[in-house]
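S.K.: Pasting a structure below so you can have a look.
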Amino acid sequence: MSELRELYQETILEHSRKPRNFGELPSASHKAEGYNPLCGDHYTIFVNLKDGAIDDIRFNGAGCAISKASASMMTQSLKGKTESEAEEIFSRFHDLVTGQQNGTDNLGKLAVFAGVSEFPLRVKCAALAWHALRAALRGDQQAISTE
Amino acid sequence: MSTAVKTPQQLHTEFDVYRIREDFPVLAQQVHGKPLVYLDNAATTQKPLAVIDAISHYYRCDNSNIHRGVHALSERATEAYENARGAAQGFINAADRKEIIFLRGTTEAINLVAQTYGREHVGAGDEVLITAMEHHSNIVPWQILCKQKGAKLRVAPINDRGELVLEEFEKLLGPKTKLVAVSHLSNALGTINPIKQITRMAHERGIPVLVDGAQAAPRMPVDVQDLDCDFYAVSGHKMYAPTGIGFLYGKAALLEAMPPYQGGGDMIASVTFDKTVYNRLPYKFEAGTPNIADTIGLGAAIEYLNQLGLENIEPHEAELLAYATAEVQKIPGVEVVGTAREKAGVLSFVMGEIHPHDIGTILDSEGVAVRTGHHCAQPVMQRYGIPATVRASFGLYNTREEVDALVRGIRKVKEVMG
């Protein structure tokens with residue numbers, strides 16, 4: 001039960017129920033889709049880049065609590081960040097959810113995802129929106145897939 | 001000596017599920033500190049000792065290539081392999097053993113029919129008719145064929161209960177329809193299709209029918225002559241046999257007229273560089289050294305099922321399904337997807353806003369193994385406007401106590417997810 005509580009922390013459940021920055025961003029300069037064909041999770045990430053920084057970021061779509069909370073908290077943590085800062089945060093977040101890092105330095109609220117590392121099958125859920133974001137920033141047109 | 005006929009109730013009490021569980025070593029384990037409750041039988045079933053031992057015995061004692069050696073091992077291997085064919089023939093009551101083609105499973109069987117019978121008989125402008133509840137393996141091979149031939153794939157609708165709408169199905173049977181492909185039991189919804197009615201409707205118009213029997217074969221007695229289907233496809237691993245083996249039944253006259261699927265050894269009678277004469281049935285469709293060990297394992301699984309009797313397994317699973325359906329529906333917020341009047345083995349459900357993937361993780365923490373996702377039936381999910389379901393699917397070794405564990409797990413989901 002404690003591992004489950006670690007995974008489904010109140011912050012995560014709250015974001016999955018009331019995702020922030022949820023919806024389309026018609027003026028987006030970059031966008032990409034992320035899709036997990038195994039469970040049907042499907043998100044679109046919209047980004048407006050201005051002078052190399054994320055001026056605005058939104059997402060829409062549907063999926064499990066982990067993927068949706070991750071997308072929601074990602075948008076919060078990346079607003080105002082430069083592209084390279086966003087890549088750096090993703091890299092640290094990825095290390096966190098795959099258990100390759102013990103500390104949660106510099107991850108702020110995203111540290112609540114540490115519990116995911118005990119559930120290897122759910123790493124894809126936590127990372128889905130982030131992969132889509134990376135594809136958006138790199139200008140990949142094709143929907144990214146976890147498989 | 002008593003000759004009294006046993007009532008179904010008496011037969012059922014003789015189905016001692018607790019003793020039967022001892023035949024399946026994998027079941028006696030803990031997962032996350034809880035007894036394993038394996039409810040993912042529609043994905044694959046566990047294997048009884050009889051099957052594990054048959055494979056082990058083959059490799060320890062009889063391993064050899066079949067149909068060619070004159071030595072003792074080859075003779076024993078060939079006999080065991082061909083005995084499995086006889087067992088498969090009896091299992092679905094095929095008229096002749098040569099109507100049983102061993103293949104990797106249902107998927108390969110359907111692809112074989114699409115690329116042999118289909119390629120010969122489906123042309124530009126023709127139609128192949130399937131239903132809205134098919135597994136991807138009974139959709140995609142026909143899409144490939146239709147694309148190759150410029151033909152059209154037609155889809156008969158299902159109603160809200162998940163039943164095939166027979167009147168609509170019949171309307172779609174037209175002069176251009178060259179083949180019907182339909183599942184016997186839906187893997188996503190549990191719906192049992194009225195195959196006899198379907199074959200009658202199709203045959204009245206001279207259209208052959210392929211039946212995807214992957215889910216039905218382990219759950220109910222199947223008689224292909226009574227169903228009067230033209231092809232019946234089965235996967236071993238869903239009926240307590242190993243993965244990588246299954247079979248296709250086809251009416252002999254159809255199989256005789258079909259071109260081979262793959263070229264190679266065993267499927268030929270004679271070869272020169274000018275001309276090859278194909279082997280007789282069933283070998284014409286079994287190119288290359290087959291999966292001998294797992295075919296023997298399949299034979300052992302069929303023998304095991306025959307001993308227990310599908311006529312006993314069917315009511316046991318029906319009782320579990322009825323009990324589980326009633327119990328989960330008592331939990332507020334649980335909605336069963338697929339409520340066909342004729343149904344078996346499969347309980348698909350959703351829980352409001354709680355995503356099936358989260359439900360699956362929490363059930364797993366309670367030792368309960370279910371499948372979550374679209375179950376390789378995305379069009380079914382689209383029909384209900386949902387991304388996925390949770391699917392509990394029953395096997396012959398499941399118990400009421402395991403249904404109780406599932407129900408406790410679902411209550412835990414509500415507790416965790418709020």
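Identifiers in this document derive from the order of the structure tokens: chains are assigned A, B, ..., residues are numbered from 1 separately in each chain, and ligands are numbered from 1 in order of occurrence.
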At a cut-off of 10 Å, using only C-alpha atoms, what residues contact Val334 (chain B)? Leave out same-chain residues fewer than 4 positions from it and give the result as an MDAnalysis selection string.

M.R.: chainID B and resid 328:330 349:352 410

S.K.: With all heavy atoms retained, could you export that selection as a PDB file, in the first residue's frame?

M.R.:
ATOM      1  N   VAL B 328     -19.508  -6.990  -9.148  1.00  0.00           N
ATOM      2  CA  VAL B 328     -18.890  -5.711  -9.522  1.00  0.00           C
ATOM      3  C   VAL B 328     -19.954  -4.638  -9.758  1.00  0.00           C
ATOM      4  O   VAL B 328     -19.706  -3.454  -9.541  1.00  0.00           O
ATOM      5  CB  VAL B 328     -17.935  -5.796 -10.752  1.00  0.00           C
ATOM      6  CG1 VAL B 328     -16.835  -6.801 -10.524  1.00  0.00           C
ATOM      7  CG2 VAL B 328     -18.679  -6.057 -12.032  1.00  0.00           C
ATOM      8  N   GLN B 329     -21.144  -5.080 -10.179  1.00  0.00           N
ATOM      9  CA  GLN B 329     -22.199  -4.087 -10.418  1.00  0.00           C
ATOM     10  C   GLN B 329     -22.756  -3.507  -9.124  1.00  0.00           C
ATOM     11  O   GLN B 329     -23.432  -2.495  -9.149  1.00  0.00           O
ATOM     12  CB  GLN B 329     -23.299  -4.698 -11.283  1.00  0.00           C
ATOM     13  CG  GLN B 329     -22.876  -4.713 -12.753  1.00  0.00           C
ATOM     14  CD  GLN B 329     -23.904  -5.322 -13.668  1.00  0.00           C
ATOM     15  OE1 GLN B 329     -24.620  -6.241 -13.285  1.00  0.00           O
ATOM     16  NE2 GLN B 329     -23.976  -4.825 -14.892  1.00  0.00           N
ATOM     17  N   LYS B 330     -22.444  -4.167  -8.009  1.00  0.00           N
ATOM     18  CA  LYS B 330     -22.872  -3.619  -6.711  1.00  0.00           C
ATOM     19  C   LYS B 330     -21.998  -2.432  -6.309  1.00  0.00           C
ATOM     20  O   LYS B 330     -22.342  -1.681  -5.408  1.00  0.00           O
ATOM     21  CB  LYS B 330     -22.752  -4.694  -5.622  1.00  0.00           C
ATOM     22  CG  LYS B 330     -23.836  -5.759  -5.666  1.00  0.00           C
ATOM     23  CD  LYS B 330     -23.604  -6.770  -4.538  1.00  0.00           C
ATOM     24  CE  LYS B 330     -24.499  -7.983  -4.708  1.00  0.00           C
ATOM     25  NZ  LYS B 330     -24.012  -9.118  -3.894  1.00  0.00           N
ATOM     26  N   PHE B 349     -15.010  -3.844 -17.957  1.00  0.00           N
ATOM     27  CA  PHE B 349     -15.726  -2.777 -17.273  1.00  0.00           C
ATOM     28  C   PHE B 349     -14.899  -1.495 -17.235  1.00  0.00           C
ATOM     29  O   PHE B 349     -13.687  -1.506 -17.491  1.00  0.00           O
ATOM     30  CB  PHE B 349     -16.135  -3.197 -15.850  1.00  0.00           C
ATOM     31  CG  PHE B 349     -14.992  -3.514 -14.926  1.00  0.00           C
ATOM     32  CD1 PHE B 349     -14.421  -2.541 -14.127  1.00  0.00           C
ATOM     33  CD2 PHE B 349     -14.486  -4.808 -14.844  1.00  0.00           C
ATOM     34  CE1 PHE B 349     -13.372  -2.837 -13.268  1.00  0.00           C
ATOM     35  CE2 PHE B 349     -13.437  -5.123 -13.981  1.00  0.00           C
ATOM     36  CZ  PHE B 349     -12.875  -4.139 -13.192  1.00  0.00           C
ATOM     37  N   VAL B 350     -15.584  -0.398 -16.944  1.00  0.00           N
ATOM     38  CA  VAL B 350     -14.928   0.900 -16.752  1.00  0.00           C
ATOM     39  C   VAL B 350     -15.415   1.470 -15.429  1.00  0.00           C
ATOM     40  O   VAL B 350     -16.432   1.036 -14.892  1.00  0.00           O
ATOM     41  CB  VAL B 350     -15.232   1.892 -17.908  1.00  0.00           C
ATOM     42  CG1 VAL B 350     -14.555   1.440 -19.189  1.00  0.00           C
ATOM     43  CG2 VAL B 350     -16.732   2.047 -18.136  1.00  0.00           C
ATOM     44  N   MET B 351     -14.664   2.432 -14.896  1.00  0.00           N
ATOM     45  CA  MET B 351     -15.027   3.061 -13.620  1.00  0.00           C
ATOM     46  C   MET B 351     -14.963   4.572 -13.774  1.00  0.00           C
ATOM     47  O   MET B 351     -14.000   5.204 -13.342  1.00  0.00           O
ATOM     48  CB  MET B 351     -14.068   2.628 -12.509  1.00  0.00           C
ATOM     49  CG  MET B 351     -14.146   1.153 -12.159  1.00  0.00           C
ATOM     50  SD  MET B 351     -12.917   0.666 -10.905  1.00  0.00           S
ATOM     51  CE  MET B 351     -13.597   1.432  -9.422  1.00  0.00           C
ATOM     52  N   GLY B 352     -15.963   5.142 -14.413  1.00  0.00           N
ATOM     53  CA  GLY B 352     -16.064   6.587 -14.544  1.00  0.00           C
ATOM     54  C   GLY B 352     -14.783   7.207 -15.073  1.00  0.00           C
ATOM     55  O   GLY B 352     -14.259   6.791 -16.101  1.00  0.00           O
ATOM     56  N   ILE B 410     -11.144  -3.804  -6.516  1.00  0.00           N
ATOM     57  CA  ILE B 410     -11.852  -2.664  -7.121  1.00  0.00           C
ATOM     58  C   ILE B 410     -12.225  -1.652  -6.041  1.00  0.00           C
ATOM     59  O   ILE B 410     -12.140  -0.437  -6.245  1.00  0.00           O
ATOM     60  CB  ILE B 410     -13.102  -3.152  -7.889  1.00  0.00           C
ATOM     61  CG1 ILE B 410     -12.685  -4.025  -9.074  1.00  0.00           C
ATOM     62  CG2 ILE B 410     -13.920  -1.967  -8.382  1.00  0.00           C
ATOM     63  CD1 ILE B 410     -13.834  -4.738  -9.766  1.00  0.00           C
TER      64      ILE B 410
END

S.K.: Taking only C-alpha atoms into account and nothing else, which residues of chain A lie no more than 8 Å away from chain B? Please answer as a ChimeraX atom specification.

M.R.: /A:1,4-5,8,13,38-41,63-66

S.K.: Which residues come within 12 Å of Ser27 (chain A), counting only C-alpha atoms, excluding same-chain residues fewer than 4 positions away, as an NGL selection string?

M.R.: :A and (31 or 46-50 or 55-58)

S.K.: Could you check how far CA of Leu248 (chain B) sits from CA of Val211 (chain B), in Å to one decimal?

M.R.: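 According to the coordinates, CA of Leu248 (chain B) and CA of Val211 (chain B) are separated by 9.9 Å.
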
S.K.: Name all residues at most 6 Å from Ser16 (chain A) (count only C-alpha atoms; drop same-chain ones fewer than 2 positions away) and give them as a ChimeraX atom specification.

M.R.: /A:13-14,18-19,65,68-69

S.K.: Next, dump the selected residues to file, keeping only N, CA and C atoms, as an mmCIF file, in the first residue's frame.

M.R.:
data_model
loop_
_atom_site.group_PDB
_atom_site.id
_atom_site.type_symbol
_atom_site.label_atom_id
_atom_site.label_comp_id
_atom_site.auth_asym_id
_atom_site.auth_seq_id
_atom_site.Cartn_x
_atom_site.Cartn_y
_atom_site.Cartn_z
ATOM 1 N N LEU A 13 -2.976 13.017 -8.032
ATOM 2 C CA LEU A 13 -4.415 12.796 -8.237
ATOM 3 C C LEU A 13 -5.129 14.119 -8.506
ATOM 4 N N GLU A 14 -4.701 15.148 -7.781
ATOM 5 C CA GLU A 14 -5.348 16.453 -7.929
ATOM 6 C C GLU A 14 -5.112 17.000 -9.351
ATOM 7 N N LYS A 18 -7.866 17.825 -12.149
ATOM 8 C CA LYS A 18 -7.978 19.217 -12.616
ATOM 9 C C LYS A 18 -6.680 19.641 -13.294
ATOM 10 N N PRO A 19 -6.453 19.149 -14.503
ATOM 11 C CA PRO A 19 -5.187 19.467 -15.166
ATOM 12 C C PRO A 19 -5.058 20.969 -15.453
ATOM 13 N N ALA A 65 -4.093 8.588 -14.867
ATOM 14 C CA ALA A 65 -3.801 9.636 -13.886
ATOM 15 C C ALA A 65 -2.338 10.053 -13.949
ATOM 16 N N LYS A 68 -1.592 12.059 -17.226
ATOM 17 C CA LYS A 68 -2.243 13.376 -17.263
ATOM 18 C C LYS A 68 -1.628 14.332 -16.245
ATOM 19 N N ALA A 69 -1.358 13.836 -15.045
ATOM 20 C CA ALA A 69 -0.737 14.687 -14.021
ATOM 21 C C ALA A 69 0.654 15.106 -14.469
#

S.K.: Let's see if you can do this: from backbone DSSP, list all strand (DSSP E) residues in region 252-404 of chain B, as number ranges by chain.

M.R.: B: 268-271, 276-278, 334-337, 346-351, 368-369, 371-373, 389-393

S.K.: Go through B:Ile158, B:Ile292, B:Ile100, B:Val380 and flag the residue nearest Tyr232 (chain B), using only C-alpha atoms for the distances.

M.R.: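 That would be B:Ile100, the residue with the smallest distance to Tyr232 (chain B).
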
S.K.: Give me, please, the distance in Å between CA of Ala151 (chain B) and CA of Met258 (chain B), quoted to one decimal.

M.R.: 19.3 Å

S.K.: Could you pull the residues within 10 Å of region 108-120 of chain A, counting only C-alpha atoms, minus those fewer than 5 positions along the same chain, as a PyMOL selection string?

M.R.: (chain A and resi 2-12+66+69-70+73-74+76-77+89+92-103+125-126) or (chain B and resi 361)

S.K.: How would the residues just picked look written out with C-alpha atoms as a CSV table (one decimal), in the first residue's frame?

M.R.:
chain,number,residue,atom,x,y,z
A,2,SER,CA,2.8,2.4,0.8
A,3,GLU,CA,4.3,2.0,-2.7
A,4,LEU,CA,0.8,2.7,-4.2
A,5,ARG,CA,0.5,5.8,-2.0
A,6,GLU,CA,3.9,6.9,-3.2
A,7,LEU,CA,2.7,6.5,-6.8
A,8,TYR,CA,-0.7,8.0,-6.4
A,9,GLN,CA,0.2,11.0,-4.3
A,10,GLU,CA,-2.4,13.6,-3.6
A,11,THR,CA,-0.7,16.2,-5.8
A,12,ILE,CA,-0.8,13.7,-8.7
A,66,ILE,CA,0.0,9.4,-14.1
A,69,ALA,CA,-0.7,14.7,-14.0
A,70,SER,CA,2.7,14.5,-15.6
A,73,MET,CA,2.8,19.5,-14.0
A,74,MET,CA,5.2,19.6,-17.0
A,76,GLN,CA,3.6,24.4,-15.1
A,77,SER,CA,7.3,23.7,-14.6
A,89,ILE,CA,14.6,19.3,-16.8
A,92,ARG,CA,16.5,14.9,-14.7
A,93,PHE,CA,12.8,14.0,-14.6
A,94,HIS,CA,13.5,10.9,-16.7
A,95,ASP,CA,16.3,9.9,-14.4
A,96,LEU,CA,13.9,10.3,-11.5
A,97,VAL,CA,11.1,8.1,-12.8
A,98,THR,CA,13.5,5.4,-14.0
A,99,GLY,CA,15.2,5.3,-10.6
A,100,GLN,CA,18.6,6.4,-11.9
A,101,GLN,CA,18.8,9.3,-9.5
A,102,ASN,CA,18.2,9.3,-5.8
A,103,GLY,CA,18.0,13.0,-5.1
A,125,CYS,CA,2.9,7.0,-18.7
A,126,ALA,CA,5.0,9.5,-16.8
B,361,THR,CA,-1.8,-1.1,-11.4
